[in-house]
file run_32.cif (mmCIF, C-alpha atoms)
data_protein
loop_
_atom_site.label_atom_id
_atom_site.label_comp_id
_atom_site.auth_asym_id
_atom_site.auth_seq_id
_atom_site.Cartn_x
_atom_site.Cartn_y
_atom_site.Cartn_z
CA MET O 1 25.82 5.69 161.26
CA ALA O 2 27.06 7.38 164.42
CA THR O 3 25.42 10.66 165.42
CA SER O 4 27.74 13.65 165.44
CA THR O 5 28.20 15.67 168.60
CA LEU O 6 29.92 18.95 169.25
CA SER O 7 32.86 19.39 171.58
CA VAL O 8 33.00 23.15 172.08
CA CYS O 9 35.79 25.22 173.59
CA ALA O 10 34.54 28.68 174.52
CA GLY O 11 37.34 31.19 174.93
CA VAL O 12 37.01 34.50 176.77
CA LEU O 13 39.83 37.04 177.11
CA VAL O 14 40.29 37.86 180.78
CA THR O 15 43.07 39.57 182.70
CA GLY O 16 46.19 37.57 181.99
CA ALA O 17 44.39 34.51 180.65
CA VAL O 18 42.45 32.92 177.86
CA ALA O 19 39.68 30.82 179.41
CA LEU O 20 38.70 27.69 177.51
CA ALA O 21 35.50 25.98 178.68
CA ALA O 22 34.20 22.87 176.91
CA LEU O 23 30.78 21.36 176.38
CA THR O 24 31.53 17.68 175.84
CA SER O 25 29.98 14.31 176.36
CA LEU O 26 30.81 13.09 179.87
CA PRO O 27 34.46 11.98 179.74
CA THR O 28 36.00 9.02 181.50
CA ILE O 29 38.28 10.41 184.19
CA SER O 30 41.69 8.77 184.57
CA THR O 31 44.09 10.48 186.95
CA ALA O 32 44.32 14.13 185.81
CA PHE O 33 43.68 13.77 182.08
CA SER O 34 40.33 12.66 180.72
CA THR O 35 39.32 10.82 177.56
CA SER O 36 36.18 10.66 175.43
CA GLY O 37 36.49 6.93 174.72
CA GLU O 38 37.25 7.52 171.03
CA SER O 39 40.39 7.39 168.92
CA LEU O 40 41.52 7.95 165.33
CA GLY O 41 42.26 4.97 163.10
CA LEU O 42 44.96 4.80 160.45
CA ASP O 43 42.46 6.00 157.83
CA GLN O 44 41.94 9.25 159.78
CA ARG O 45 45.49 10.57 160.14
CA ASP O 46 45.25 13.26 157.45
CA VAL O 47 45.25 17.01 158.16
CA ARG O 48 44.17 19.86 155.86
CA VAL O 49 43.51 23.59 156.25
CA PHE O 50 40.92 25.78 154.54
CA ASN O 51 42.70 29.10 155.00
CA ASN O 52 39.78 31.51 155.17
CA PHE O 53 40.94 33.49 158.22
CA LEU O 54 40.09 37.17 157.76
CA ASP O 55 42.59 38.77 160.17
CA VAL O 56 45.90 40.02 158.84
CA GLN O 57 47.57 38.66 161.99
CA ALA O 58 46.39 35.13 161.15
CA ASN O 59 48.55 35.07 158.00
CA GLU O 60 51.29 37.50 158.96
CA ASN O 61 54.19 35.04 159.11
CA ALA O 62 55.53 35.01 155.55
CA PHE O 63 58.83 33.31 156.45
CA PRO O 64 59.14 29.65 155.37
CA HIS O 65 60.49 26.94 157.65
CA GLY O 66 62.40 23.87 156.54
CA ASN O 67 60.50 21.54 158.86
CA PHE O 68 57.18 22.63 157.31
CA PRO O 69 57.85 23.04 153.58
CA GLY O 70 55.45 24.74 151.23
CA VAL O 71 53.33 26.78 153.65
CA THR O 72 53.36 30.02 155.65
CA GLY O 73 50.79 31.90 157.73
CA ALA O 74 47.88 30.14 159.41
CA PRO O 75 48.55 26.75 157.74
CA LEU O 76 52.10 26.82 159.14
CA ALA O 77 50.86 27.54 162.68
CA LEU O 78 48.25 24.77 162.45
CA TRP O 79 50.73 22.25 161.04
CA LYS O 80 53.08 23.02 163.95
CA ALA O 81 50.23 22.33 166.37
CA HIS O 82 49.74 18.87 164.88
CA ALA O 83 53.50 18.20 164.90
CA GLU O 84 53.57 18.77 168.66
CA TRP O 85 51.43 15.63 169.16
CA GLY O 86 53.73 13.54 166.91
CA SER O 87 55.67 10.55 168.16
CA LEU O 88 59.15 12.07 167.62
CA PRO O 89 60.76 15.53 167.31
CA ARG O 90 59.79 17.07 163.99
CA GLY O 91 62.43 16.58 161.29
CA GLY O 92 64.71 14.89 163.80
CA ASN O 93 65.51 18.19 165.53
CA GLY O 94 62.13 19.50 166.71
CA LEU O 95 62.78 23.01 165.40
CA GLY O 96 59.98 25.31 164.34
CA ASP O 97 58.23 26.81 167.33
CA GLY O 98 60.62 29.63 168.16
CA LEU O 99 59.67 30.11 171.81
CA ALA O 100 62.05 29.15 174.59
CA SER O 101 59.10 27.55 176.42
CA ASN O 102 58.69 24.99 173.60
CA PRO O 103 62.16 24.15 172.23
CA VAL O 104 61.10 20.82 170.70
CA LEU O 105 58.08 20.25 168.45
CA GLY O 106 57.07 16.60 168.64
CA SER O 107 56.56 15.45 172.19
CA GLY O 108 53.77 12.87 172.00
CA GLY O 109 55.81 9.69 172.30
CA ALA O 110 52.78 7.57 171.36
CA ASN O 111 51.72 5.36 168.46
CA PHE O 112 50.23 8.39 166.75
CA ASP O 113 51.34 10.60 163.85
CA ASN O 114 49.49 12.87 161.42
CA THR O 115 50.08 13.24 157.69
CA TRP O 116 49.93 16.78 156.28
CA GLN O 117 47.74 16.84 153.16
CA GLY O 118 47.86 20.51 152.24
CA LEU O 119 45.17 23.12 151.72
CA ALA O 120 41.51 22.24 151.34
CA ALA O 121 39.19 23.94 148.86
CA SER O 122 36.43 24.30 151.46
CA ALA O 123 35.69 23.85 155.16
CA GLY O 124 34.49 20.34 154.38
CA GLY O 125 32.12 18.14 156.31
CA VAL O 126 32.04 16.84 159.85
CA ASN O 127 34.59 14.07 159.23
CA ASP O 128 36.91 15.66 156.63
CA ASN O 129 39.77 16.53 159.05
CA VAL O 130 39.92 20.21 158.05
CA HIS O 131 40.68 23.38 160.03
CA SER O 132 38.69 26.47 159.02
CA ALA O 133 37.30 29.75 160.36
CA THR O 134 33.84 31.26 160.45
CA SER O 135 31.86 33.91 162.31
CA LEU O 136 30.30 32.34 165.41
CA GLY O 137 29.52 35.37 167.57
CA GLY O 138 29.43 35.13 171.36
CA GLY O 139 32.29 33.78 173.44
CA VAL O 140 33.08 30.55 171.60
CA THR O 141 36.65 30.72 170.33
CA ALA O 142 36.84 27.32 168.62
CA PHE O 143 35.16 23.94 168.58
CA THR O 144 35.98 20.39 167.58
CA GLN O 145 33.25 18.36 165.93
CA SER O 146 33.11 14.60 166.51
CA PRO O 147 32.73 11.53 166.80
CA ILE O 148 36.40 11.39 166.01
CA SER O 149 36.46 7.69 165.07
CA ASP O 150 35.15 8.82 161.68
CA GLY O 151 37.22 12.01 161.54
CA TRP O 152 36.94 15.53 162.89
CA LYS O 153 36.39 19.17 162.00
CA ILE O 154 37.92 22.11 163.89
CA VAL O 155 36.42 25.58 163.46
CA TYR O 156 37.82 28.90 164.78
CA ASN O 157 35.64 31.90 165.53
CA ASP O 158 36.70 34.65 163.13
CA ASP O 159 35.01 37.25 165.33
CA PHE O 160 38.17 37.00 167.45
CA VAL O 161 41.61 38.18 166.29
CA TRP O 162 43.96 35.24 165.60
CA ASP O 163 47.76 35.50 165.53
CA ASP O 164 49.84 32.92 163.64
CA GLY O 165 53.12 33.62 165.51
CA PRO O 166 55.78 32.34 165.57
CA GLY O 167 56.36 34.63 168.55
CA ALA O 168 53.85 35.52 171.25
CA PRO O 169 50.56 36.94 169.92
CA ASP O 170 49.88 40.64 169.58
CA GLU O 171 48.02 42.19 172.49
CA GLY O 172 44.33 41.38 172.23
CA ALA O 173 44.86 38.48 169.82
CA LEU O 174 44.55 34.74 170.41
CA ASP O 175 47.51 32.45 169.76
CA LEU O 176 46.36 30.25 166.87
CA GLN O 177 48.98 27.56 167.38
CA ALA O 178 48.20 27.22 171.10
CA VAL O 179 44.43 27.01 170.72
CA ALA O 180 44.86 24.58 167.82
CA THR O 181 47.12 22.34 169.92
CA HIS O 182 44.35 22.22 172.55
CA GLU O 183 41.61 21.52 170.00
CA ILE O 184 43.68 18.82 168.29
CA GLY O 185 43.88 17.10 171.68
CA HIS O 186 40.07 16.87 171.62
CA ALA O 187 40.23 15.49 168.06
CA LEU O 188 42.62 12.79 169.29
CA GLY O 189 40.18 11.69 171.98
CA LEU O 190 41.23 13.74 175.00
CA GLY O 191 38.92 15.70 177.27
CA HIS O 192 40.06 18.36 179.70
CA SER O 193 42.79 17.87 182.28
CA SER O 194 42.69 18.94 185.91
CA THR O 195 46.44 19.57 185.81
CA SER O 196 47.23 23.27 185.81
CA GLY O 197 49.50 24.20 182.91
CA ALA O 198 48.58 21.21 180.76
CA THR O 199 47.66 21.87 177.13
CA MET O 200 44.32 20.18 177.81
CA ALA O 201 43.57 22.24 180.93
CA PRO O 202 40.28 24.14 180.59
CA ALA O 203 42.09 27.48 181.03
CA ILE O 204 45.26 28.75 179.34
CA SER O 205 47.16 31.32 181.36
CA GLY O 206 49.24 34.30 180.35
CA ASP O 207 49.50 35.04 176.63
CA GLY O 208 48.28 31.52 175.80
CA THR O 209 51.52 30.25 174.28
CA SER O 210 52.08 27.76 177.11
CA ALA O 211 49.50 25.47 175.51
CA ARG O 212 51.78 24.97 172.48
CA SER O 213 53.97 22.64 174.56
CA LEU O 214 52.60 19.34 175.84
CA ALA O 215 52.84 18.72 179.57
CA ALA O 216 53.53 15.29 181.08
CA ASP O 217 49.80 14.84 181.73
CA ASP O 218 48.92 15.51 178.07
CA ILE O 219 51.50 12.93 176.98
CA ALA O 220 50.17 10.42 179.50
CA GLY O 221 46.67 10.91 178.14
CA LEU O 222 47.79 10.43 174.53
CA LYS O 223 49.65 7.24 175.47
CA ALA O 224 46.60 5.97 177.35
CA ILE O 225 44.62 6.21 174.09
CA TYR O 226 47.19 5.12 171.48
CA GLY O 227 49.82 3.35 173.58
CA ALA O 228 53.41 4.41 174.16
CA ALA O 229 55.42 4.38 170.93
CA SER O 230 56.31 0.75 170.26
CA ALA O 231 59.92 -0.35 169.91
CA ALA O 232 58.76 -1.97 166.65
CA LYS O 233 57.24 1.27 165.29
CA PRO O 234 59.00 2.28 162.03
CA VAL O 235 61.13 5.41 162.30
CA ILE O 236 62.34 7.79 159.57
CA SER O 237 65.61 9.46 160.57
CA SER O 238 66.60 11.19 157.31
CA LEU O 239 65.92 11.50 153.59
CA GLY O 240 68.38 11.44 150.72
CA GLY O 241 68.60 11.08 147.00
CA ALA O 242 66.73 13.21 144.49
CA LEU O 243 63.85 15.17 146.04
CA ASP O 244 62.17 15.79 142.70
CA THR O 245 59.18 14.21 140.99
CA GLY O 246 60.50 11.16 139.17
CA GLY O 247 63.70 11.12 141.22
CA THR O 248 64.79 8.25 143.45
CA LEU O 249 64.19 9.04 147.12
CA SER O 250 66.17 7.29 149.85
CA VAL O 251 64.23 6.92 153.12
CA VAL O 252 66.65 6.12 155.93
CA GLY O 253 65.46 4.81 159.28
CA SER O 254 64.72 1.62 161.17
CA GLN O 255 62.08 -1.06 161.70
CA PHE O 256 60.97 -1.08 158.05
CA ALA O 257 59.47 -4.39 156.90
CA ALA O 258 61.42 -6.53 154.44
CA LEU O 259 58.38 -6.56 152.13
CA GLY O 260 54.97 -4.90 151.88
CA ASN O 261 55.78 -1.38 153.09
CA GLU O 262 53.71 1.62 152.08
CA VAL O 263 55.27 5.04 151.53
CA TRP O 264 52.85 7.93 152.05
CA PHE O 265 53.22 11.36 150.44
CA THR O 266 51.30 14.63 150.57
CA ASP O 267 48.67 14.81 147.82
CA PRO O 268 47.22 18.34 148.10
CA GLY O 269 44.98 17.88 145.09
CA GLY O 270 43.00 15.08 146.73
CA ASP O 271 40.41 14.62 149.46
CA GLY O 272 42.91 14.20 152.26
CA THR O 273 43.92 10.66 151.39
CA PRO O 274 47.72 10.38 151.18
CA LEU O 275 49.33 9.44 147.88
CA LYS O 276 50.58 5.91 148.60
CA LEU O 277 53.17 3.63 147.05
CA THR O 278 52.39 0.05 148.09
CA GLY O 279 54.25 -3.25 148.13
CA VAL O 280 57.59 -1.54 148.71
CA ALA O 281 60.61 -3.58 149.86
CA SER O 282 63.37 -2.40 152.19
CA THR O 283 67.07 -3.22 152.21
CA ALA O 284 70.03 -2.99 154.61
CA GLY O 285 68.23 -4.88 157.34
CA GLY O 286 65.09 -2.77 157.29
CA THR O 287 66.92 0.56 157.44
CA LEU O 288 66.59 1.79 153.83
CA ILE O 289 63.73 2.22 151.37
CA SER O 290 64.29 3.53 147.85
CA VAL O 291 61.32 4.70 145.78
CA VAL O 292 60.66 6.95 142.81
CA ILE O 293 58.74 10.06 143.89
CA PRO O 294 55.40 9.78 142.06
CA VAL O 295 53.68 12.46 139.99
CA GLY O 296 51.23 14.34 142.22
CA ALA O 297 53.34 14.22 145.37
CA GLU O 298 54.21 17.67 146.66
CA ALA O 299 56.07 19.34 149.50
CA GLY O 300 54.80 18.14 152.86
CA ASP O 301 55.29 14.86 154.66
CA VAL O 302 56.59 11.40 153.92
CA LEU O 303 55.69 8.44 156.16
CA VAL O 304 56.30 4.69 156.04
CA LYS O 305 53.66 2.16 157.02
CA VAL O 306 54.59 -1.47 157.62
CA PRO O 307 52.03 -4.30 157.34
CA GLY O 308 49.41 -4.30 160.07
CA ALA O 309 46.45 -2.29 161.31
CA SER O 310 47.60 -0.63 164.55
CA GLY O 311 49.08 2.80 165.10
CA ALA O 312 52.41 1.13 165.79
CA THR O 313 52.70 0.31 162.08
CA LEU O 314 52.94 3.95 160.95
CA SER O 315 56.19 5.92 161.19
CA ASN O 316 56.78 9.48 162.27
CA ALA O 317 55.99 12.14 159.66
CA PHE O 318 59.19 13.50 158.11
CA PRO O 319 59.31 16.79 156.14
CA ILE O 320 60.07 16.61 152.43
CA ASP O 321 60.44 19.56 150.06
CA ILE O 322 59.67 18.08 146.65
CA ASP O 323 60.67 19.97 143.48
CA ALA O 324 62.40 22.73 145.44
CA PRO O 325 65.05 24.86 143.69
CA PRO O 326 68.49 23.23 143.35
CA GLY O 327 70.42 22.51 146.53
CA ALA O 328 69.15 21.87 150.03
CA CYS O 329 68.82 23.69 153.36
CA VAL O 330 69.39 21.64 156.51
CA LEU O 331 68.50 23.03 159.92
CA LEU O 332 71.22 22.57 162.54
CA GLY O 333 70.90 22.55 166.31
CA SER O 334 69.01 25.13 168.31
CA GLY O 335 69.55 28.80 168.98
CA LEU O 336 70.04 30.94 172.06
CA ALA O 337 66.99 32.74 173.39
CA GLY O 338 66.75 36.52 173.61
CA LEU O 339 64.00 39.10 174.00
CA GLY O 340 61.87 37.80 171.11
CA GLY O 341 62.32 34.11 171.88
CA VAL O 342 64.76 31.79 170.13
CA PRO O 343 65.70 33.50 166.85
CA GLN O 344 64.88 31.43 163.77
CA LEU O 345 67.07 31.17 160.69
CA THR O 346 65.56 29.59 157.58
CA GLY O 347 66.39 29.77 153.90
CA ALA O 348 64.87 29.26 150.47
CA GLY O 349 65.96 29.64 146.88
CA ASP O 350 68.52 28.49 144.33
CA LEU O 351 71.74 26.94 145.64
CA SER O 352 73.35 26.23 142.28
CA PRO O 353 76.57 28.08 141.31
CA GLY O 354 75.69 31.10 139.20
CA GLY O 355 72.00 30.42 139.74
CA GLY O 356 69.13 32.53 140.96
CA PRO O 357 68.72 34.28 144.31
CA PHE O 358 68.89 32.54 147.67
CA THR O 359 67.34 34.18 150.74
CA HIS O 360 68.10 33.94 154.45
CA PHE O 361 65.07 34.68 156.66
CA VAL O 362 65.58 35.70 160.30
CA GLN O 363 62.87 36.39 162.86
CA LEU O 364 62.23 36.50 166.63
CA VAL O 365 65.19 38.81 167.21
CA ALA O 366 65.06 41.82 169.55
CA PRO O 367 63.76 44.84 167.57
CA HIS O 368 66.53 46.82 165.85
CA ALA O 369 69.17 44.41 167.21
CA ALA O 370 72.60 44.56 165.60
CA GLY O 371 74.20 41.28 164.64
CA VAL O 372 76.44 39.31 162.32
CA LEU O 373 75.89 36.42 159.94
CA PHE O 374 78.83 34.02 160.15
CA ALA O 375 79.61 31.54 157.36
CA SER O 376 81.97 28.59 157.07
CA LEU O 377 82.56 25.53 154.92
CA SER O 378 82.25 23.27 157.96
CA GLU O 379 80.17 22.79 161.10
CA ALA O 380 81.76 22.84 164.53
CA SER O 381 79.03 23.52 167.14
CA LEU O 382 81.48 25.09 169.61
CA PRO O 383 80.20 26.28 173.04
CA PHE O 384 79.91 30.08 173.01
CA LYS O 385 78.09 32.49 175.37
CA GLY O 386 75.76 29.74 176.58
CA GLY O 387 74.89 28.59 173.07
CA LEU O 388 76.55 26.69 170.24
CA PHE O 389 78.54 28.41 167.53
CA ALA O 390 77.78 26.41 164.37
CA PRO O 391 80.13 27.67 161.60
CA SER O 392 83.87 27.25 162.16
CA PRO O 393 86.40 28.25 161.01
CA VAL O 394 84.66 31.48 159.99
CA LEU O 395 85.32 32.42 156.36
CA LEU O 396 82.80 35.25 155.92
CA THR O 397 80.95 37.75 158.11
CA VAL O 398 78.02 39.96 157.11
CA PRO O 399 76.77 42.80 159.39
CA LEU O 400 73.05 42.62 160.15
CA MET O 401 70.36 44.87 161.61
CA ALA O 402 66.89 43.60 162.53
CA ASP O 403 63.86 45.75 161.77
CA GLY O 404 61.35 47.04 164.31
CA GLN O 405 59.61 43.67 164.39
CA GLY O 406 62.79 41.70 164.99
CA LYS O 407 62.95 40.38 161.43
CA LEU O 408 65.30 40.66 158.47
CA VAL O 409 65.66 39.25 154.97
CA LEU O 410 69.06 38.78 153.35
CA SER O 411 69.12 37.84 149.65
CA SER O 412 72.16 36.90 147.60
CA ALA O 413 73.25 34.49 144.88
CA LEU O 414 76.09 32.02 144.62
CA PRO O 415 78.83 33.02 142.17
CA ALA O 416 79.59 30.83 139.18
CA GLY O 417 82.50 28.49 139.75
CA PRO O 418 83.54 25.05 141.00
CA LEU O 419 81.31 25.06 144.11
CA SER O 420 79.10 22.02 143.43
CA GLY O 421 79.19 19.48 146.23
CA LEU O 422 80.34 21.96 148.87
CA SER O 423 78.30 22.96 151.92
CA LEU O 424 78.10 26.40 153.50
CA VAL O 425 77.20 26.60 157.20
CA THR O 426 75.64 29.87 158.39
CA GLN O 427 74.39 31.24 161.68
CA CYS O 428 73.36 34.67 163.00
CA TRP O 429 74.32 36.16 166.36
CA PHE O 430 72.82 39.36 167.79
CA ALA O 431 73.54 41.73 170.65
CA ASP O 432 70.72 41.28 173.17
CA ALA O 433 70.89 42.80 176.65
CA THR O 434 68.00 40.61 177.82
CA SER O 435 70.06 37.45 177.37
CA VAL O 436 72.18 36.23 180.28
CA LYS O 437 75.45 36.77 178.38
CA GLY O 438 74.32 39.67 176.24
CA ALA O 439 73.72 37.75 173.02
CA SER O 440 71.09 35.73 171.22
CA ALA O 441 71.61 33.35 168.31
CA THR O 442 69.68 31.55 165.62
CA ASN O 443 69.90 27.88 164.83
CA GLY O 444 72.52 26.96 162.27
CA LEU O 445 71.72 26.42 158.58
CA ARG O 446 73.68 24.13 156.27
CA LEU O 447 73.40 25.02 152.61
CA ASP O 448 74.24 22.05 150.39
CA ILE O 449 75.27 23.50 147.04
CA GLU O 450 73.89 21.69 143.97
#
call {"tool": "encode", "arguments": {"input": "run_32.cif", "output": "structure tokens"}}
result
Amino acid sequence: MATSTLSVCAGVLVTGAVALAALTSLPTISTAFSTSGESLGLDQRDVRVFNNFLDVQANENAFPHGNFPGVTGAPLALWKAHAEWGSLPRGGNGLGDGLASNPVLGSGGANFDNTWQGLAASAGGVNDNVHSATSLGGGVTAFTQSPISDGWKIVYNDDFVWDDGPGAPDEGALDLQAVATHEIGHALGLGHSSTSGATMAPAISGDGTSARSLAADDIAGLKAIYGAASAAKPVISSLGGALDTGGTLSVVGSQFAALGNEVWFTDPGGDGTPLKLTGVASTAGGTLISVVIPVGAEAGDVLVKVPGASGATLSNAFPIDIDAPPGACVLLGSGLAGLGGVPQLTGAGDLSPGGGPFTHFVQLVAPHAAGVLFASLSEASLPFKGGLFAPSPVLLTVPLMADGQGKLVLSSALPAGPLSGLSLVTQCWFADATSVKGASATNGLRLDIE
């Protein structure tokens, strides 16, 4: 059995920077990035979180996001960090980060993707692929335990204050998503980079959020380990059908095998092993897989694996919200940045006529900004003030006012009536003097009524 070693990132708050120094086994230097000589196999693609962070700031984000269903707080920030290393933009649109410096989550472009497996009941062992926190004292902010060929363990020092975002961290706090993105790079087999501004650089400048976004050197290092994403790698582009346990799920994409596919789901009650359907056939020339969602699968990820043993046989991880209330929320396009970043619009609740409440969540707006929610029965994406105006023609407007933290919650319910099968497109625009044209905007949100 291989002997475990520690790869430690020690973080110290200094003027304008978070310094990350690592104690690692001597890496093999290749250009600017460096590698440890290890990599994760297909049996080590799972990710879990033991959410034992003590700081309020580490679990402050209570707003859900459609690209990361079923979680908020620290688990959401950590899941986003993993998504950044994925082969393709998360959910097909890359939304979720909320900072103008990282408009697309999912920049890896390699034969590597993780599978989200929910919350763990404990910090687990050396090779259990779990994030957790503990008191470490001293200047160590986080460390990654290896050898990674058998799995990993990432631990955060709870003697520091951690901030889960999605905006920049509070003064004096460490950006959890940024540090996690760096540590995950170590778990994937990367050492430190000599390129300034890279996620894997030994020092993160400014407020630390720059490390959330992979630089060209980080991507080159990932491809050196796992290979550039193969043209034969299966790809999931969308999901359809019934997203309920026992319902028939349609997985739409490309490069699926005619026979022998596996469909992986999130199984949060397990040990990190995905819930797998095996021996699945595809139709329509390898572009469609239809399966019944099994008992035990929950909100998280769905992936397709074709026969073979390399990373090129596993698809991108696509978000799936299993057993959600009736109807569906689909994220549209990107927003227009303002003072707080790129405002985020997400939704959750019942989209059946005459049903229960449905809630719009807005965050990353300028504090106390005045705005308007626009609604339409169709999507137009018209150029407007440097952004895209999603709902047109406008049928409804609702005045808005953000709170002192740049957030707001708007709850309502659909009236009873012949609305089933219709879609409602919404988007929020705000007055923002810090924006070039005096306005900021959220992404669009399409509400498919049950």
call {"tool": "resolve_selection", "arguments": {"input": "run_32.cif", "expression": "the PyMOL selection byres ((chain O and resi 351) around 7)", "output": "PyMOL selection string"}}
result
chain O and resi 326-327+349-350+352-353+355+358+414+449-450
call {"tool": "write_last_selection", "arguments": {"input": "run_32.cif", "atoms": "C-alpha atoms", "output": "PDB file, in the coordinates of the input"}}
result
ATOM      1  CA  PRO O 326      68.490  23.230 143.350  1.00  0.00           C
ATOM      2  CA  GLY O 327      70.420  22.510 146.530  1.00  0.00           C
ATOM      3  CA  GLY O 349      65.960  29.640 146.880  1.00  0.00           C
ATOM      4  CA  ASP O 350      68.520  28.490 144.330  1.00  0.00           C
ATOM      5  CA  SER O 352      73.350  26.230 142.280  1.00  0.00           C
ATOM      6  CA  PRO O 353      76.570  28.080 141.310  1.00  0.00           C
ATOM      7  CA  GLY O 355      72.000  30.420 139.740  1.00  0.00           C
ATOM      8  CA  PHE O 358      68.890  32.540 147.670  1.00  0.00           C
ATOM      9  CA  LEU O 414      76.090  32.020 144.620  1.00  0.00           C
ATOM     10  CA  ILE O 449      75.270  23.500 147.040  1.00  0.00           C
ATOM     11  CA  GLU O 450      73.890  21.690 143.970  1.00  0.00           C
TER      12      GLU O 450
END
call {"tool": "closest_residue", "arguments": {"input": "run_32.cif", "among": "O:Asn59, O:Gln363, O:Ser310, O:Asn316", "to": "Trp264 (chain O)", "atoms": "only C-alpha atoms"}}
result
O:Asn316
call {"tool": "atom_distance", "arguments": {"input": "run_32.cif", "atom1": "CA of Ser376 (chain O)", "atom2": "CA of Pro391 (chain O)"}}
result
5.0 Å
call {"tool": "closest_residue", "arguments": {"input": "run_32.cif", "among": "O:Ala142, O:Gln57, O:Ser36, O:Gly125", "to": "Asp170 (chain O)", "atoms": "only C-alpha atoms"}}
result
O:Gln57
call {"tool": "residues_near_point", "arguments": {"input": "run_32.cif", "point": "(52.5, 21.3, 175.0)", "cutoff": "8 Å", "atoms": "all atoms listed in the file", "output": "list in words"}}
result
Glu84, Asn102, Ser107, Thr181, Ala198, Thr199, Ser210, Ala211, Arg212, Ser213, Leu214, Ala215 and Asp218 of chain O
call {"tool": "closest_residue", "arguments": {"input": "run_32.cif", "among": "O:Ala309, O:Val104, O:Leu382, O:Leu336", "to": "Asp43 (chain O)", "atoms": "all atoms listed in the file"}}
result
O:Ala309
call {"tool": "closest_residue", "arguments": {"input": "run_32.cif", "among": "O:Ile320, O:Leu119, O:Ala32, O:Leu339", "to": "Thr195 (chain O)", "atoms": "only C-alpha atoms"}}
result
O:Ala32
call {"tool": "closest_atom_pairs", "arguments": {"input": "run_32.cif", "of": "region 75-150 of chain O", "to": "region 62-66 of chain O", "cutoff": "9 Å", "atoms": "only C-alpha atoms", "output": "CSV"}}
result
residue,atom,partner,partner_atom,distance
O:Leu76,CA,O:Pro64,CA,8.5
O:Gly91,CA,O:Gly66,CA,8.7
O:Leu95,CA,O:Gly66,CA,8.9
O:Gly96,CA,O:His65,CA,6.9
call {"tool": "atom_distance", "arguments": {"input": "run_32.cif", "atom1": "CA of Ser282 (chain O)", "atom2": "CA of Asp321 (chain O)"}}
result
22.3 Å
call {"tool": "residues_near_point", "arguments": {"input": "run_32.cif", "point": "(68.2, 5.8, 156.8)", "cutoff": "7 Å", "atoms": "all atoms listed in the file", "output": "number ranges by chain"}}
result
O: 236-239, 251-254, 287-288
call {"tool": "write_last_selection", "arguments": {"input": "run_32.cif", "atoms": "C-alpha atoms", "output": "compact mmCIF listing (two decimals), in the frame of the given file"}}
result
# COMPACT_ATOMS: atom_id res chain seq x y z
CA ILE O 236 62.34 7.79 159.57
CA SER O 237 65.61 9.46 160.57
CA SER O 238 66.60 11.19 157.31
CA LEU O 239 65.92 11.50 153.59
CA VAL O 251 64.23 6.92 153.12
CA VAL O 252 66.65 6.12 155.93
CA GLY O 253 65.46 4.81 159.28
CA SER O 254 64.72 1.62 161.17
CA THR O 287 66.92 0.56 157.44
CA LEU O 288 66.59 1.79 153.83
call {"tool": "residues_around", "arguments": {"input": "run_32.cif", "residues": "Ser440 (chain O)", "least_positions_apart": "2", "cutoff": "9 Å", "atoms": "all atoms listed in the file", "output": "ChimeraX atom specification"}}
result
/O:335-339,341-343,365-366,385,387,428-435,437-438,442
call {"tool": "resolve_selection", "arguments": {"input": "run_32.cif", "expression": "the PyMOL selection byres ((chain O and resi 275) around 9)", "output": "ChimeraX atom specification"}}
result
/O:263-267,270,273-274,276-277,294,296-297
call {"tool": "resolve_selection", "arguments": {"input": "run_32.cif", "expression": "the PyMOL selection byres ((chain O and resi 219) around 12)", "output": "PyMOL selection string"}}
result
chain O and resi 32-34+84-87+106-112+185+188+190+193+198-200+213-218+220-229
call {"tool": "closest_residue", "arguments": {"input": "run_32.cif", "among": "O:Val235, O:Ala375, O:Leu422, O:Val302", "to": "Phe68 (chain O)", "atoms": "only C-alpha atoms"}}
result
O:Val302
